[in-house]
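K.L.:
If it helps, the file is called run.tsv and holds TSV, C-alpha atoms:
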chain	number	residue	atom	x	y	z
A	2	MET	CA	-3.18	-4.05	-1.71
A	3	GLY	CA	-4.70	-7.19	-3.20
A	4	ARG	CA	-2.19	-7.29	-6.04
A	5	LEU	CA	0.82	-6.31	-3.93
A	6	GLY	CA	-0.09	-8.90	-1.30
A	7	ASN	CA	0.28	-11.65	-3.88
A	8	LEU	CA	3.00	-10.23	-6.10
A	9	LEU	CA	5.98	-11.84	-4.34
A	10	ASP	CA	4.27	-15.26	-4.02
A	11	LEU	CA	4.97	-15.07	-0.29
A	12	GLU	CA	1.48	-15.16	1.18
A	13	GLU	CA	-0.74	-17.79	2.77
A	14	CYS	CA	-2.07	-20.90	1.07
A	15	TYR	CA	-5.24	-22.92	1.50
A	16	ALA	CA	-6.25	-25.87	-0.69
A	17	TRP	CA	-3.25	-24.87	-2.86
A	18	LEU	CA	-4.78	-21.44	-3.49
A	19	HIS	CA	-4.19	-17.89	-2.20
A	20	PHE	CA	-6.92	-15.42	-1.34
A	21	GLY	CA	-5.79	-13.90	1.95
A	22	ALA	CA	-4.48	-10.71	0.33
A	23	ALA	CA	-7.84	-10.11	-1.35
A	24	THR	CA	-9.67	-10.69	1.93
A	25	VAL	CA	-7.50	-8.15	3.74
A	26	ALA	CA	-7.57	-5.62	0.91
A	27	SER	CA	-11.35	-5.70	0.65
A	28	ALA	CA	-11.99	-5.61	4.39
A	29	MET	CA	-9.44	-2.83	4.96
A	30	ALA	CA	-10.87	-0.63	2.19
A	31	MET	CA	-14.36	-0.92	3.67
A	32	ALA	CA	-13.07	-0.51	7.23
A	33	ARG	CA	-11.35	2.75	6.33
A	34	TRP	CA	-14.43	4.04	4.52
A	35	ARG	CA	-16.88	3.10	7.29
A	36	ARG	CA	-14.49	3.75	10.18
A	37	LEU	CA	-14.89	0.23	11.57
A	38	SER	CA	-13.60	-1.01	14.90
A	39	GLY	CA	-10.99	-3.72	15.20
A	40	LYS	CA	-13.58	-6.32	16.18
A	41	GLU	CA	-15.70	-5.44	13.14
A	42	LEU	CA	-12.64	-5.75	10.90
A	43	ILE	CA	-11.74	-9.15	12.35
A	44	THR	CA	-15.30	-10.37	11.79
A	45	ALA	CA	-15.19	-9.23	8.16
A	46	LEU	CA	-11.83	-10.95	7.63
A	47	VAL	CA	-13.14	-14.22	9.05
A	48	VAL	CA	-16.30	-14.14	6.94
A	49	GLY	CA	-14.35	-13.36	3.79
A	50	TYR	CA	-11.73	-16.05	4.28
A	51	GLU	CA	-14.28	-18.70	5.22
A	52	LEU	CA	-16.34	-17.95	2.10
A	53	GLY	CA	-13.22	-18.09	-0.06
A	54	GLY	CA	-12.29	-21.41	1.52
A	55	GLN	CA	-15.73	-22.88	0.92
A	56	VAL	CA	-15.58	-21.90	-2.75
A	57	SER	CA	-12.05	-23.34	-3.02
A	58	LEU	CA	-13.12	-26.78	-1.85
A	59	ALA	CA	-16.22	-26.56	-4.03
A	60	ILE	CA	-14.02	-26.16	-7.10
A	61	GLY	CA	-11.96	-29.28	-6.47
A	62	PRO	CA	-8.34	-30.30	-7.10
A	63	HIS	CA	-5.79	-28.80	-9.49
A	64	THR	CA	-4.77	-32.23	-10.75
A	65	LYS	CA	-6.61	-35.20	-12.15
A	66	LEU	CA	-7.06	-37.84	-9.48
A	67	THR	CA	-7.69	-41.58	-9.37
A	68	ASN	CA	-8.65	-42.94	-5.96
A	69	GLY	CA	-7.29	-39.77	-4.41
A	70	GLN	CA	-3.89	-40.01	-6.12
A	71	PRO	CA	-2.69	-37.70	-8.90
A	72	GLU	CA	-2.62	-38.70	-12.54
A	73	LYS	CA	-0.27	-37.20	-15.09
A	74	GLY	CA	-1.37	-33.64	-15.55
A	75	ARG	CA	-3.68	-30.96	-14.31
A	76	SER	CA	-7.43	-30.67	-14.35
A	77	ASP	CA	-8.62	-29.22	-17.63
A	78	VAL	CA	-10.43	-26.36	-15.86
A	79	PHE	CA	-9.69	-24.74	-12.53
A	80	GLY	CA	-11.30	-21.46	-11.56
A	81	ASP	CA	-8.76	-20.11	-9.10
A	82	ASP	CA	-10.04	-16.53	-9.45
A	83	ALA	CA	-13.43	-17.46	-7.99
A	84	PRO	CA	-12.29	-17.96	-4.37
A	85	VAL	CA	-10.42	-14.63	-4.55
A	86	VAL	CA	-13.54	-12.76	-5.67
A	87	PHE	CA	-15.72	-14.44	-3.06
A	88	ALA	CA	-13.27	-13.88	-0.23
A	89	ALA	CA	-13.36	-10.21	-1.18
A	90	VAL	CA	-17.13	-9.89	-1.50
A	91	GLY	CA	-17.68	-11.84	1.71
A	92	ALA	CA	-15.39	-9.52	3.64
A	93	ALA	CA	-16.85	-6.38	2.06
A	94	ALA	CA	-20.48	-7.42	2.58
A	95	ARG	CA	-19.83	-8.16	6.25
A	96	ALA	CA	-17.84	-4.97	6.77
A	97	LEU	CA	-20.77	-3.00	5.31
A	98	ASN	CA	-23.19	-4.93	7.53
A	99	LEU	CA	-25.43	-5.77	4.58
A	100	SER	CA	-28.79	-7.42	5.18
A	101	ARG	CA	-29.36	-11.02	4.17
A	102	ASP	CA	-31.05	-9.99	0.92
A	103	GLN	CA	-28.34	-7.45	0.12
A	104	THR	CA	-25.63	-10.03	0.83
A	105	ASN	CA	-27.37	-12.49	-1.47
A	106	GLN	CA	-27.39	-9.87	-4.21
A	107	ALA	CA	-23.73	-9.04	-3.56
A	108	TYR	CA	-22.66	-12.67	-3.88
A	109	ASN	CA	-24.54	-13.13	-7.14
A	110	LEU	CA	-23.17	-9.87	-8.53
A	111	ALA	CA	-19.69	-11.13	-7.61
A	112	ALA	CA	-20.35	-14.30	-9.58
A	113	LEU	CA	-21.23	-12.13	-12.57
A	114	TYR	CA	-17.87	-10.30	-12.30
A	115	THR	CA	-15.67	-13.35	-11.67
A	116	PRO	CA	-12.91	-13.63	-14.33
A	117	LEU	CA	-12.69	-16.56	-16.69
A	118	PRO	CA	-10.83	-19.65	-15.35
A	119	THR	CA	-7.57	-19.17	-17.26
A	120	VAL	CA	-4.96	-20.52	-14.82
A	121	GLN	CA	-4.66	-23.89	-16.55
A	122	LYS	CA	-3.99	-22.14	-19.84
A	123	CYS	CA	-1.24	-20.15	-18.16
A	124	ALA	CA	0.25	-23.38	-16.77
A	125	THR	CA	0.90	-24.67	-20.28
A	126	GLN	CA	3.01	-21.69	-21.32
A	127	GLU	CA	6.78	-22.13	-21.59
A	128	ASP	CA	7.79	-18.45	-21.48
A	129	LEU	CA	5.69	-16.77	-18.81
A	130	PRO	CA	4.72	-13.09	-19.06
A	131	ASN	CA	5.26	-10.66	-16.20
A	132	THR	CA	1.57	-10.77	-15.23
A	133	LYS	CA	0.21	-13.32	-12.78
A	134	TYR	CA	-2.03	-16.23	-13.71
A	135	ALA	CA	-4.85	-14.78	-11.58
A	136	LYS	CA	-6.16	-11.24	-11.24
A	137	PHE	CA	-5.33	-10.53	-7.61
A	138	GLY	CA	-5.97	-6.81	-8.03
A	139	TRP	CA	-9.14	-6.98	-10.08
A	140	CYS	CA	-10.71	-9.75	-7.99
A	141	PRO	CA	-10.95	-7.73	-4.75
A	142	LEU	CA	-12.14	-4.77	-6.83
A	143	ALA	CA	-14.93	-7.00	-8.19
A	144	GLY	CA	-15.82	-8.12	-4.68
A	145	VAL	CA	-15.90	-4.60	-3.24
A	146	PHE	CA	-17.85	-3.23	-6.19
A	147	SER	CA	-20.41	-6.03	-5.85
A	148	ALA	CA	-20.96	-5.36	-2.15
A	149	VAL	CA	-21.21	-1.57	-2.51
A	150	SER	CA	-23.41	-1.96	-5.59
A	151	ALA	CA	-25.80	-4.28	-3.71
A	152	MET	CA	-25.88	-1.81	-0.80
A	153	ARG	CA	-26.96	0.91	-3.28
A	154	GLY	CA	-29.79	-1.28	-4.59
A	155	ASN	CA	-28.29	-2.99	-7.63
A	156	THR	CA	-29.56	-6.53	-8.31
A	157	SER	CA	-28.39	-9.63	-10.11
A	158	ASP	CA	-29.65	-12.99	-11.31
A	159	LEU	CA	-30.08	-14.81	-7.99
A	160	THR	CA	-29.54	-18.20	-9.64
A	161	ILE	CA	-26.17	-17.42	-11.19
A	162	LEU	CA	-24.35	-19.63	-8.68
A	163	ASP	CA	-26.77	-22.52	-9.10
A	164	GLY	CA	-27.14	-25.36	-11.55
A	165	GLU	CA	-25.13	-28.41	-12.53
A	166	LYS	CA	-24.39	-27.08	-16.04
A	167	HIS	CA	-24.80	-23.31	-16.25
A	168	GLY	CA	-24.10	-21.93	-12.78
A	169	LEU	CA	-20.79	-20.29	-11.92
A	170	LEU	CA	-19.53	-23.19	-9.81
A	171	ALA	CA	-20.20	-25.63	-12.65
A	172	ILE	CA	-18.23	-23.38	-14.99
A	173	VAL	CA	-15.17	-23.12	-12.76
A	174	GLN	CA	-15.21	-26.60	-11.18
A	175	ALA	CA	-12.33	-28.89	-11.96
A	176	LEU	CA	-13.64	-32.46	-11.91
A	177	ASP	CA	-16.44	-33.13	-9.48
A	178	THR	CA	-19.45	-31.09	-10.55
A	179	ASN	CA	-21.53	-32.21	-7.58
A	180	PRO	CA	-23.36	-29.00	-6.57
A	181	GLN	CA	-23.38	-30.17	-2.96
A	182	ARG	CA	-19.64	-29.54	-2.73
A	183	PHE	CA	-20.35	-25.88	-2.10
A	184	LEU	CA	-22.62	-26.63	0.86
A	185	ALA	CA	-20.63	-29.48	2.41
A	186	ARG	CA	-20.01	-28.93	6.15
A	187	LEU	CA	-20.98	-25.30	5.73
A	188	GLY	CA	-20.69	-23.65	9.14
A	189	SER	CA	-18.93	-26.58	10.80
A	190	ARG	CA	-15.43	-26.41	9.27
A	191	TRP	CA	-13.04	-23.53	9.94
A	192	HIS	CA	-10.92	-23.06	6.84
A	193	LEU	CA	-8.73	-20.64	8.80
A	194	ARG	CA	-7.53	-23.57	10.94
A	195	SER	CA	-5.75	-25.08	7.95
A	196	ILE	CA	-3.91	-22.12	6.45
A	197	GLY	CA	-0.33	-22.74	5.40
A	198	TYR	CA	2.25	-19.95	5.22
A	199	LYS	CA	5.08	-19.62	2.74
A	200	ARG	CA	8.62	-19.31	3.97
A	201	TRP	CA	10.12	-18.43	0.59
A	202	PRO	CA	8.83	-16.24	-2.30
A	203	ALA	CA	7.99	-19.14	-4.59
A	204	CYS	CA	5.13	-21.40	-5.61
A	205	PHE	CA	3.71	-23.32	-2.65
A	206	TRP	CA	4.31	-26.63	-4.44
A	207	PHE	CA	8.06	-25.95	-4.25
A	208	HIS	CA	8.19	-25.71	-0.48
A	209	SER	CA	8.36	-29.43	0.18
A	210	PRO	CA	11.47	-30.11	-1.97
A	211	LEU	CA	12.98	-26.81	-0.80
A	212	LYS	CA	12.60	-27.87	2.82
A	213	ALA	CA	14.30	-31.19	2.03
A	214	LEU	CA	17.14	-29.28	0.36
A	215	GLU	CA	17.45	-26.94	3.35
A	216	ILE	CA	17.83	-29.97	5.64
A	217	LEU	CA	20.54	-31.41	3.39
A	218	ILE	CA	22.46	-28.14	3.32
A	219	ALA	CA	22.39	-27.90	7.11
A	220	LYS	CA	23.29	-31.57	7.67
A	221	HIS	CA	26.25	-31.74	5.32
A	222	GLY	CA	27.45	-28.14	5.01
A	223	ILE	CA	26.77	-28.12	1.28
A	224	ASP	CA	28.13	-25.13	-0.61
A	225	ALA	CA	26.83	-24.07	-4.02
A	226	ASP	CA	30.33	-24.19	-5.55
A	227	ASP	CA	30.66	-27.89	-4.67
A	228	VAL	CA	27.40	-28.90	-6.34
A	229	SER	CA	27.66	-30.63	-9.69
A	230	GLU	CA	23.99	-31.60	-9.94
A	231	VAL	CA	20.71	-31.45	-8.02
A	232	VAL	CA	18.09	-34.05	-8.88
A	233	LEU	CA	14.58	-33.28	-7.65
A	234	GLU	CA	11.97	-36.01	-7.44
A	235	VAL	CA	8.68	-34.18	-7.86
A	236	GLY	CA	5.08	-35.00	-8.64
A	237	SER	CA	3.19	-35.09	-11.89
A	238	HIS	CA	1.54	-31.75	-11.16
A	239	ILE	CA	4.92	-30.12	-11.84
A	240	LEU	CA	6.08	-32.32	-14.73
A	241	TRP	CA	2.93	-32.93	-16.74
A	242	ASP	CA	0.18	-30.92	-18.43
A	243	GLY	CA	-2.72	-32.45	-20.28
A	244	GLY	CA	-1.07	-35.87	-20.37
A	245	VAL	CA	2.05	-34.44	-22.03
A	246	GLN	CA	5.37	-34.30	-20.17
A	247	LYS	CA	6.78	-30.81	-20.14
A	248	LYS	CA	10.27	-30.23	-21.45
A	249	ARG	CA	10.75	-26.72	-20.11
A	250	GLY	CA	8.82	-23.61	-19.23
A	251	GLY	CA	6.69	-22.78	-16.22
A	252	PHE	CA	7.85	-24.71	-13.18
A	253	LEU	CA	10.69	-26.29	-15.18
A	254	ASN	CA	12.04	-23.07	-16.65
A	255	LYS	CA	15.75	-22.86	-15.80
A	256	GLN	CA	16.21	-19.37	-17.20
A	257	PRO	CA	13.29	-17.22	-16.00
A	258	ARG	CA	13.30	-13.66	-17.34
A	259	ASN	CA	10.95	-11.67	-15.08
A	260	LEU	CA	9.57	-11.51	-11.55
A	261	VAL	CA	6.60	-13.79	-12.20
A	262	SER	CA	8.68	-16.47	-13.90
A	263	LEU	CA	11.22	-16.27	-11.05
A	264	THR	CA	8.54	-17.14	-8.49
A	265	LEU	CA	7.40	-20.07	-10.64
A	266	SER	CA	10.84	-21.50	-11.50
A	267	LEU	CA	11.77	-24.41	-9.24
A	268	ALA	CA	15.37	-24.37	-10.50
A	269	HIS	CA	15.69	-20.72	-9.49
A	270	SER	CA	14.40	-21.41	-5.98
A	271	VAL	CA	16.89	-24.25	-5.62
A	272	ALA	CA	19.73	-22.02	-6.77
A	273	MET	CA	18.79	-19.30	-4.28
A	274	LEU	CA	18.70	-21.77	-1.41
A	275	LEU	CA	22.04	-23.33	-2.37
A	276	MET	CA	23.66	-19.90	-2.66
A	277	LYS	CA	22.21	-18.96	0.77
A	278	VAL	CA	20.59	-15.86	-0.69
A	279	PRO	CA	18.20	-14.10	1.75
A	280	PRO	CA	14.57	-14.48	0.62
A	281	GLN	CA	14.39	-10.69	0.14
A	282	GLU	CA	16.82	-11.02	-2.80
A	283	TRP	CA	15.35	-14.08	-4.53
A	284	LEU	CA	13.35	-11.98	-6.98
A	285	ASN	CA	16.06	-9.46	-7.82
A	286	GLU	CA	15.90	-9.66	-11.61
A	287	GLU	CA	19.37	-8.22	-12.15
A	288	PHE	CA	20.98	-10.69	-9.74
A	289	ALA	CA	18.97	-13.56	-11.22
A	290	GLN	CA	20.61	-12.97	-14.61
A	291	THR	CA	24.20	-13.17	-13.37
A	292	SER	CA	26.28	-15.97	-14.86
A	293	ALA	CA	26.74	-17.73	-11.51
A	294	VAL	CA	23.00	-17.99	-10.91
A	295	GLN	CA	22.28	-19.03	-14.48
A	296	ALA	CA	24.93	-21.75	-14.36
A	297	LEU	CA	23.65	-23.15	-11.06
A	298	ARG	CA	20.08	-23.31	-12.34
A	299	GLU	CA	21.27	-25.37	-15.30
A	300	ARG	CA	22.63	-27.98	-12.88
A	301	VAL	CA	19.12	-28.73	-11.58
A	302	ARG	CA	17.33	-31.78	-13.01
A	303	PHE	CA	13.80	-33.09	-12.51
A	304	THR	CA	12.49	-36.63	-12.29
A	305	GLU	CA	9.05	-37.95	-11.47
A	306	SER	CA	8.39	-39.44	-8.07
A	307	LYS	CA	5.52	-41.55	-6.86
A	308	THR	CA	4.45	-38.57	-4.85
A	309	LYS	CA	2.02	-39.03	-2.02
A	310	TRP	CA	-0.57	-36.37	-2.51
A	311	PHE	CA	-3.30	-35.22	-0.20
A	312	TYR	CA	-6.12	-33.04	-1.40
A	313	PRO	CA	-8.80	-32.04	1.09
A	314	ASP	CA	-12.09	-33.80	0.54
A	315	VAL	CA	-14.84	-31.26	1.04
A	316	PHE	CA	-17.02	-33.96	2.61
A	317	ASP	CA	-14.32	-35.18	5.00
A	318	ASP	CA	-14.48	-34.43	8.72
A	319	ALA	CA	-10.74	-33.92	9.08
A	320	ASP	CA	-9.03	-30.54	8.88
A	321	PHE	CA	-6.85	-30.01	5.83
A	322	THR	CA	-3.26	-31.20	6.26
A	323	HIS	CA	-0.71	-30.52	3.50
A	324	VAL	CA	1.00	-33.75	2.45
A	325	LEU	CA	3.25	-33.68	-0.59
A	326	ASN	CA	6.23	-36.03	-0.65
A	327	ALA	CA	9.45	-34.99	-2.36
A	328	GLY	CA	12.94	-36.37	-2.74
A	329	VAL	CA	16.15	-34.38	-3.27
A	330	ASN	CA	19.55	-35.72	-4.37
A	331	VAL	CA	22.55	-33.39	-4.27
A	332	ILE	CA	25.73	-34.55	-6.01
A	333	THR	CA	28.92	-32.85	-4.81
A	334	GLY	CA	32.66	-33.44	-4.72
A	335	LYS	CA	32.18	-34.80	-1.19
A	336	GLY	CA	29.62	-37.37	-2.29
A	337	THR	CA	25.92	-37.72	-3.03
A	338	PHE	CA	23.39	-36.75	-0.38
A	339	ARG	CA	19.69	-37.53	-0.29
A	340	GLU	CA	16.68	-36.40	1.72
A	341	GLU	CA	12.99	-37.30	1.54
A	342	ILE	CA	10.24	-35.25	3.12
A	343	ASP	CA	6.47	-35.05	3.40
A	344	TRP	CA	6.19	-31.87	5.45
A	345	PHE	CA	7.34	-28.27	5.37
A	346	TRP	CA	7.45	-25.21	7.58
A	347	ASP	CA	4.06	-23.97	6.43
A	348	ASP	CA	1.94	-26.95	7.52
A	349	SER	CA	-0.42	-25.99	10.33
A	350	HIS	CA	-1.17	-29.54	11.45
A	351	HIS	CA	2.04	-31.52	10.99
A	352	PRO	CA	3.95	-31.85	14.30
A	353	LYS	CA	7.25	-30.96	12.61
A	354	GLY	CA	5.92	-28.20	10.42
A	355	ARG	CA	3.58	-26.35	12.73
A	356	ILE	CA	4.23	-22.62	12.85
A	357	TYR	CA	3.60	-20.06	15.52
A	358	ASP	CA	2.71	-16.38	15.68
A	359	CYS	CA	6.27	-15.43	16.56
A	360	GLN	CA	7.54	-17.05	13.35
A	361	ILE	CA	4.99	-15.23	11.23
A	362	GLU	CA	5.95	-11.97	12.93
A	363	ALA	CA	9.65	-12.66	12.31
A	364	LYS	CA	8.95	-13.31	8.64
A	365	PHE	CA	7.01	-10.04	8.39
A	366	ARG	CA	9.76	-8.06	10.11
A	367	SER	CA	12.40	-9.44	7.76
A	368	TRP	CA	10.68	-7.69	4.85
A	369	VAL	CA	9.57	-4.41	6.44
A	370	VAL	CA	11.52	-1.41	7.71
A	371	ALA	CA	11.87	-1.72	11.50
A	372	ASP	CA	9.89	1.38	12.53
A	373	ASP	CA	7.01	0.51	10.20
A	374	ALA	CA	7.04	-3.10	11.36
A	375	ASP	CA	6.91	-2.03	15.01
A	376	ARG	CA	3.90	0.16	14.38
A	377	ILE	CA	1.97	-2.44	12.37
A	378	VAL	CA	2.70	-5.30	14.77
A	379	SER	CA	1.60	-3.15	17.70
A	380	LEU	CA	-1.66	-2.22	15.98
A	381	VAL	CA	-2.38	-5.84	14.97
A	382	ASN	CA	-1.70	-7.09	18.50
A	383	ASP	CA	-4.12	-4.46	19.83
A	384	LEU	CA	-6.67	-4.88	17.03
A	385	GLU	CA	-9.60	-6.10	19.13
A	386	ARG	CA	-9.40	-2.98	21.28
A	387	LEU	CA	-9.24	-0.42	18.46
A	388	ASP	CA	-12.31	1.77	17.99
A	389	ASP	CA	-11.17	2.81	14.51
A	390	VAL	CA	-8.75	0.80	12.35
A	391	SER	CA	-7.87	3.68	10.04
A	392	GLY	CA	-4.48	3.93	11.71
A	393	LEU	CA	-3.63	0.39	10.60
A	394	PHE	CA	-4.56	1.28	7.03
A	395	ASP	CA	-2.29	4.33	7.18
A	396	ALA	CA	0.54	2.29	8.68
A	397	LEU	CA	0.36	-0.23	5.86
A	398	TYR	CA	0.55	2.48	3.20
A	399	THR	CA	3.44	4.15	4.97
A	400	ALA	CA	5.25	0.82	4.98
A	401	ILE	CA	4.66	0.41	1.24
A	402	GLY	CA	6.32	3.77	0.67
A	403	ASN	CA	9.35	2.70	2.71
A	404	VAL	CA	9.66	-0.79	1.26
A	405	ARG	CA	13.21	-2.16	1.12
As structure tokens - that is how I would like this structure written.
P.N.:
Amino acid sequence: MGRLGNLLDLEECYAWLHFGAATVASAMAMARWRRLSGKELITALVVGYELGGQVSLAIGPHTKLTNGQPEKGRSDVFGDDAPVVFAAVGAAARALNLSRDQTNQAYNLAALYTPLPTVQKCATQEDLPNTKYAKFGWCPLAGVFSAVSAMRGNTSDLTILDGEKHGLLAIVQALDTNPQRFLARLGSRWHLRSIGYKRWPACFWFHSPLKALEILIAKHGIDADDVSEVVLEVGSHILWDGGVQKKRGGFLNKQPRNLVSLTLSLAHSVAMLLMKVPPQEWLNEEFAQTSAVQALRERVRFTESKTKWFYPDVFDDADFTHVLNAGVNVITGKGTFREEIDWFWDDSHHPKGRIYDCQIEAKFRSWVVADDADRIVSLVNDLERLDDVSGLFDALYTAIGNVR
């Protein structure tokens, strides 16, 4: 469940990370085993996501910053697996109703099993493999194992999270190694309030320029066949790595070869939107290799913008609002059209981008067979009144078997 929930790059986002699938996978596995009620499951989900969010802000930003604005390139280290593991262990520990001492052991065991911070290495690769940059299947397994292991009496080094040089957070932190980041506003900030949700199966950083392009298409009736060039003005986090401007590969790869590289190719996402392809078909590898799609991707060009960037300060009182400016220029036989944007459908706090439960439900239904969707939506809507959530678990697995 954890791996499948992330595979399409269609899930939630918080602080530019994803750990919702791991939270749900871990909590659901424990809920099925222990026959938990809906209220107990919800509590486990909240605990897991809040712990993952706290670890996310403790790690710091993906990119190098000066006075809050991005420099050219990413942070040298970024431990994006850590929030996934801790979201999972937090949910599992709460679902198992561990004592304080057991929970402490579970968290420190989880630190011991957290994968190495390899995402920034992956970001430098030009030809991406068909495995994700983070271990979204192994991370919830590590979290569940840690919680169950602590429940059975296993112990760990209780200082493994601590220390400015040798603790886990110091190892995975990006820039600011202040150990107080992990404790900042603990218990007073709801990370769940600031979740963003993806509309398209693509990297979250793409959603701002994609929204600008969608507006242009609707305003001017742009058809893919009329487009001679698309020029995207994007930030340094897409164009630069380690102070070196990328020529191709990763986000700039115009000819992705597999599912993972399709989700991380901005040119491919642009082509799908221009061709008005339903999101369910964006990652069809056979269709992605057709000559029409390949040719359209080649007509996409990237330039650097003075992108306004907002990264949540862990010490700030404000809730996290996604702000990432982008500009899009589409050159057609009818003329050149331009749109600038600093919001997108997924932003929980922006007045134009705020989303509602009905939109999330509609997105879910567009990907799931109708009968399965009806059953799952009904169970979720009634979750607080369920005495045993095993039926929801079964419904999810039935839906996987009937996937379109």
K.L.:
If we count only C-alpha atoms, what is near range 41-56 of chain A at a cut-off of 8 Å, once residues fewer than 2 positions away on the same chain are taken out, given as a PyMOL selection string?
P.N.:
chain A and resi 15-16+20-21+24-25+28-29+32+37-39+58-60+83-96+183-184+187+191-193+385+390
K.L.:
Residues of range 143-216 of chain A within 6 Å of range 106-130 of chain A: nearest atom pair and distance (Å, one decimal) for each, counting only C-alpha atoms, sorted by chain and number, as CSV?
P.N.:
residue,atom,partner,partner_atom,distance
A:Gly144,CA,A:Ala111,CA,5.7
A:Ser147,CA,A:Ala107,CA,5.0
A:Ala148,CA,A:Ala107,CA,4.8
A:Ala151,CA,A:Ala107,CA,5.2
A:Thr156,CA,A:Gln106,CA,5.7
A:Ser157,CA,A:Leu110,CA,5.5
A:Leu159,CA,A:Asn109,CA,5.9
K.L.:
To one decimal place, how far is CA of Ile332 in chain A from CA of Arg302 in chain A in Å?
P.N.:
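Distance between the two atoms: 11.3 Å.
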K.L.:
Considering all atoms listed in the file, can you say which of A:Asn105, A:Ser76, A:Ser270, A:Ser367 comes closest to Lys255 in chain A?
P.N.:
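Selected residue with least distance to Lys255 in chain A: A:Ser270.
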K.L.:
Taking all atoms listed in the file into account, name the residue in A:Tyr198, A:Val370, A:Phe316, A:Asp375 that is nearest to Asp358 in chain A.
P.N.:
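The closest residue to Asp358 in chain A is A:Tyr198.
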K.L.:
Around (21.1, -10.5, -11.0) in the file's own coordinates, what residues are found within 12 Å if you use only C-alpha atoms, given back as a compact mmCIF listing (two decimals) with C-alpha atoms, in the frame of the given file?
P.N.:
# COMPACT_ATOMS: atom_id res chain seq x y z
CA GLN A 256 16.21 -19.37 -17.20
CA PRO A 257 13.29 -17.22 -16.00
CA ARG A 258 13.30 -13.66 -17.34
CA ASN A 259 10.95 -11.67 -15.08
CA LEU A 260 9.57 -11.51 -11.55
CA LEU A 263 11.22 -16.27 -11.05
CA HIS A 269 15.69 -20.72 -9.49
CA MET A 273 18.79 -19.30 -4.28
CA VAL A 278 20.59 -15.86 -0.69
CA GLU A 282 16.82 -11.02 -2.80
CA TRP A 283 15.35 -14.08 -4.53
CA LEU A 284 13.35 -11.98 -6.98
CA ASN A 285 16.06 -9.46 -7.82
CA GLU A 286 15.90 -9.66 -11.61
CA GLU A 287 19.37 -8.22 -12.15
CA PHE A 288 20.98 -10.69 -9.74
CA ALA A 289 18.97 -13.56 -11.22
CA GLN A 290 20.61 -12.97 -14.61
CA THR A 291 24.20 -13.17 -13.37
CA SER A 292 26.28 -15.97 -14.86
CA ALA A 293 26.74 -17.73 -11.51
CA VAL A 294 23.00 -17.99 -10.91
CA GLN A 295 22.28 -19.03 -14.48
K.L.:
Quick one: everything within 8 Å of Leu275 in chain A, counting only C-alpha atoms, minus sequence neighbours fewer than 6 positions away in the same chain. Send it as a short mmCIF file (atom, residue, chain, number, x, y, z; two decimals) with C-alpha atoms, keeping the file's coordinate frame.
P.N.:
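Written file, result_1.cif:
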data_model
loop_
_atom_site.label_atom_id
_atom_site.label_comp_id
_atom_site.auth_asym_id
_atom_site.auth_seq_id
_atom_site.Cartn_x
_atom_site.Cartn_y
_atom_site.Cartn_z
CA ILE A 218 22.46 -28.14 3.32
CA ILE A 223 26.77 -28.12 1.28
CA ASP A 224 28.13 -25.13 -0.61
CA ALA A 225 26.83 -24.07 -4.02
#
K.L.:
Tell me, in Å to one decimal, how far CA of Leu253 in chain A is from CA of Cys140 in chain A.
P.N.:
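Spanning CA of Leu253 in chain A to CA of Cys140 in chain A is a straight-line distance of 28.0 Å.
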K.L.:
Could you pull the residues within 12 Å of Val331 in chain A, counting only C-alpha atoms, minus those fewer than 5 positions along the same chain, as an mmCIF file with C-alpha atoms, in the coordinates of the input?
P.N.:
data_model
loop_
_atom_site.group_PDB
_atom_site.id
_atom_site.type_symbol
_atom_site.label_atom_id
_atom_site.label_comp_id
_atom_site.auth_asym_id
_atom_site.auth_seq_id
_atom_site.Cartn_x
_atom_site.Cartn_y
_atom_site.Cartn_z
ATOM 1 C CA PRO A 210 11.470 -30.110 -1.970
ATOM 2 C CA ALA A 213 14.300 -31.190 2.030
ATOM 3 C CA LEU A 214 17.140 -29.280 0.360
ATOM 4 C CA GLU A 215 17.450 -26.940 3.350
ATOM 5 C CA ILE A 216 17.830 -29.970 5.640
ATOM 6 C CA LEU A 217 20.540 -31.410 3.390
ATOM 7 C CA ILE A 218 22.460 -28.140 3.320
ATOM 8 C CA HIS A 221 26.250 -31.740 5.320
ATOM 9 C CA GLY A 222 27.450 -28.140 5.010
ATOM 10 C CA ILE A 223 26.770 -28.120 1.280
ATOM 11 C CA ASP A 224 28.130 -25.130 -0.610
ATOM 12 C CA ALA A 225 26.830 -24.070 -4.020
ATOM 13 C CA ASP A 227 30.660 -27.890 -4.670
ATOM 14 C CA VAL A 228 27.400 -28.900 -6.340
ATOM 15 C CA SER A 229 27.660 -30.630 -9.690
ATOM 16 C CA GLU A 230 23.990 -31.600 -9.940
ATOM 17 C CA VAL A 231 20.710 -31.450 -8.020
ATOM 18 C CA VAL A 232 18.090 -34.050 -8.880
ATOM 19 C CA LEU A 233 14.580 -33.280 -7.650
ATOM 20 C CA GLU A 234 11.970 -36.010 -7.440
ATOM 21 C CA VAL A 271 16.890 -24.250 -5.620
ATOM 22 C CA ALA A 272 19.730 -22.020 -6.770
ATOM 23 C CA LEU A 275 22.040 -23.330 -2.370
ATOM 24 C CA ARG A 300 22.630 -27.980 -12.880
ATOM 25 C CA VAL A 301 19.120 -28.730 -11.580
ATOM 26 C CA ARG A 302 17.330 -31.780 -13.010
ATOM 27 C CA GLY A 336 29.620 -37.370 -2.290
ATOM 28 C CA THR A 337 25.920 -37.720 -3.030
ATOM 29 C CA PHE A 338 23.390 -36.750 -0.380
ATOM 30 C CA ARG A 339 19.690 -37.530 -0.290
ATOM 31 C CA GLU A 340 16.680 -36.400 1.720
ATOM 32 C CA GLU A 341 12.990 -37.300 1.540
#
